[in-house]
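Student: Have a look at this one before I ask anything.
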Amino acid sequence: MENTNNVTEFVFWGLSENLVVEEVCFVVFSFFYTVILLGNLLIMLTVHTGNLFKSPMYFFLNYLSFVDICYSSVTAPKMIVDLLAKSKTISYEGCMLQLFGVHFFGCTEIFILTVMAYDRYVAICRPLHYMTIMDRDKCNKMLLGTWVGGFLHSIIQVALVVQLPFCGPNEIDHYFCDVHPVLKLACTDTYVVGVVVTANSGTIALGSFVILLISYTVILVSLRKQSPDGRRKALSTCGSHIAVVIIFFGPCTFMYMRPDTTFSEDKMVAVFYTIITPMLNPLIYTMRNAEVKTAMKKLWVRKVFSEKLMINNWK
């Protein structure tokens with residue numbers, strides 16, 4: 001296939017063509033992105049300063065927050081700027097980089113959520129062997145596996161798109177570069193590429209979702225053997241994980257577990273897994289987790305105490 005590429009930039013249609021709606025969206029999504037940054041940075045700061053990093057669960061929660069910041073930053077800043085821009089353009093190279101980033105960090109998040117489910121399974125179903133199975137060396141290897149898996153997935157997606165010729169239309173009915181909207185602009189038959197893209201994304205999304213469902217089902221069944229206090233603590237922790245999984249995998253499954261087609265609802269569905277989920281993750285893990293709330297209180301008390309000490313010394 002000869003790669004005849006006459007397109008140097010793409011034009012986004014954005015979330016809406018109504019100027020008033022775009023202005024409202026600018027305020028709303030600017031607030032959402034600020035919450036994403038502050039909330040996830042607070043989680044990371046709490047884990048590091050609260051001596052929680054030694055726990056495998058918080059080890060992975062720290063990197064989940066980091067991935068959430070990166071994942072949302074691939075699309076949100078550009079989308080927010082474009083809401084007030086007359087011309088919503090992105091270069092061909094920028095589009096391919098954005099496509100890579102969305103799938104790299106999105107897939108990495110899926111794998112981290114899967115590893116976190118395995119961590120909870122070991123902690124609840126095999127508590128006596130927990131620290132042996134989930135030692136730091138194995139945690140580092142699993143974390144490395146999530147990054148490698150995300151990279152392999154995204155590089156395949158980009159390689160499939162880059163080799164396609166783009167010679168005519170360059171308008172994308174979306175607010176960022178994703179595989180399905182970009183494939184519609186190619187000047188060739190993309191059926192085979194679409195099948196491979198769907199198989200690649202669908203296998204990861206569905207496979208991970210099934211593993212997560214099985215893991216949490218086994219965990220919930222095993223909780224019947226726990227004491228009331230142990231059951232309450234485990235349900236609190238697993239409840240936050242399950243909530244994140246549902247919010248993230250629901251939209252992802254809708255987007256990537258289907259043939260190479262696009263719908264008008266895709267943009268709003270994409271908002272859920274690129275912006276809403278990264279924003280809700282810190283809130284869910286904080287509200288549902290007593291240990292994180294305690295560590296945050298200690299961090300706040302330490303900050304207030306240090307400020308008072310500085311003021312007294314200054315006087």
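Residues are named by chain letter and number: chains run A, B, ... in the order of the structure tokens, numbers start at 1 in each chain, and ligands are numbered from 1 in the order shown.
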I'd like the neighbourhood of range 11-16 of chain A as a ChimeraX atom specification, where a residue qualifies if any of its atoms comes within 12 Å (using only C-alpha atoms), though same-chain residues fewer than 5 positions away should be ignored.
Tutor: /A:21-26,29,75-76,78-92,94-95,169-178,181-182,185,264-271
Student: Any idea what's packed within 8 Å of Val158 in chain A, counting only C-alpha atoms, ignoring anything in its chain fewer than 4 positions away? Could you give it as a list in words?
Tutor: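 Residues meeting the cut-off are Met96, Leu99, Phe100, Ser154 and Val162 of chain A.
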Student: Please build the interface table for range 192-276 of chain A against range 41-63 of chain A with a cut-off of 12 Å, listing for each qualifying residue the nearest atom pair and the distance in Å to one decimal; count only C-alpha atoms, order rows by chain and increasing number, and write it as a Markdown table.
Tutor:
```
| residue | atom | partner | partner_atom | distance |
| --- | --- | --- | --- | --- |
| A:Thr237 | CA | A:Met57 | CA | 9.9 |
| A:Cys238 | CA | A:Met57 | CA | 11.1 |
| A:Ser240 | CA | A:Leu61 | CA | 11.6 |
| A:His241 | CA | A:Leu61 | CA | 10.3 |
| A:Val244 | CA | A:Leu61 | CA | 11.9 |
```
Student: Which one of A:Val192, A:Ile112, A:Val27, A:Leu97 sits closest to Val67 in chain A if you count only C-alpha atoms?
Tutor: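 Between A:Val192, A:Ile112, A:Val27, A:Leu97, the residue approaching Val67 in chain A most closely is A:Ile112.
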Student: To one decimal in Å, tell me the separation between CA of Cys70 in chain A and CA of Ser30 in chain A.
Tutor: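 Pair CA of Cys70 in chain A / CA of Ser30 in chain A returns 15.8 Å.
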Student: Find, counting only C-alpha atoms, the residue in A:Val148, A:Ile155, A:Ile219, A:Leu280 that gets nearest to Ile246 in chain A.
Tutor: A:Leu280
Student: Within range 42-196 of chain A, find each residue whose DSSP state, derived from the backbone, is helix (DSSP H, G or I), and express the selection as a ChimeraX atom specification.
Tutor: /A:42-49,56-82,92-125,127-133,136-162,179-183,191-196
Student: Determine the nearest neighbour of Pro165 in chain A from the options A:Phe209, A:Val7, A:Asp135, A:Leu64, counting only C-alpha atoms.
Tutor: A:Val7
Student: What's the separation between CA of Met142 in chain A and CA of Ala199 in chain A, in Å to one decimal place?
Tutor: 23.7 Å
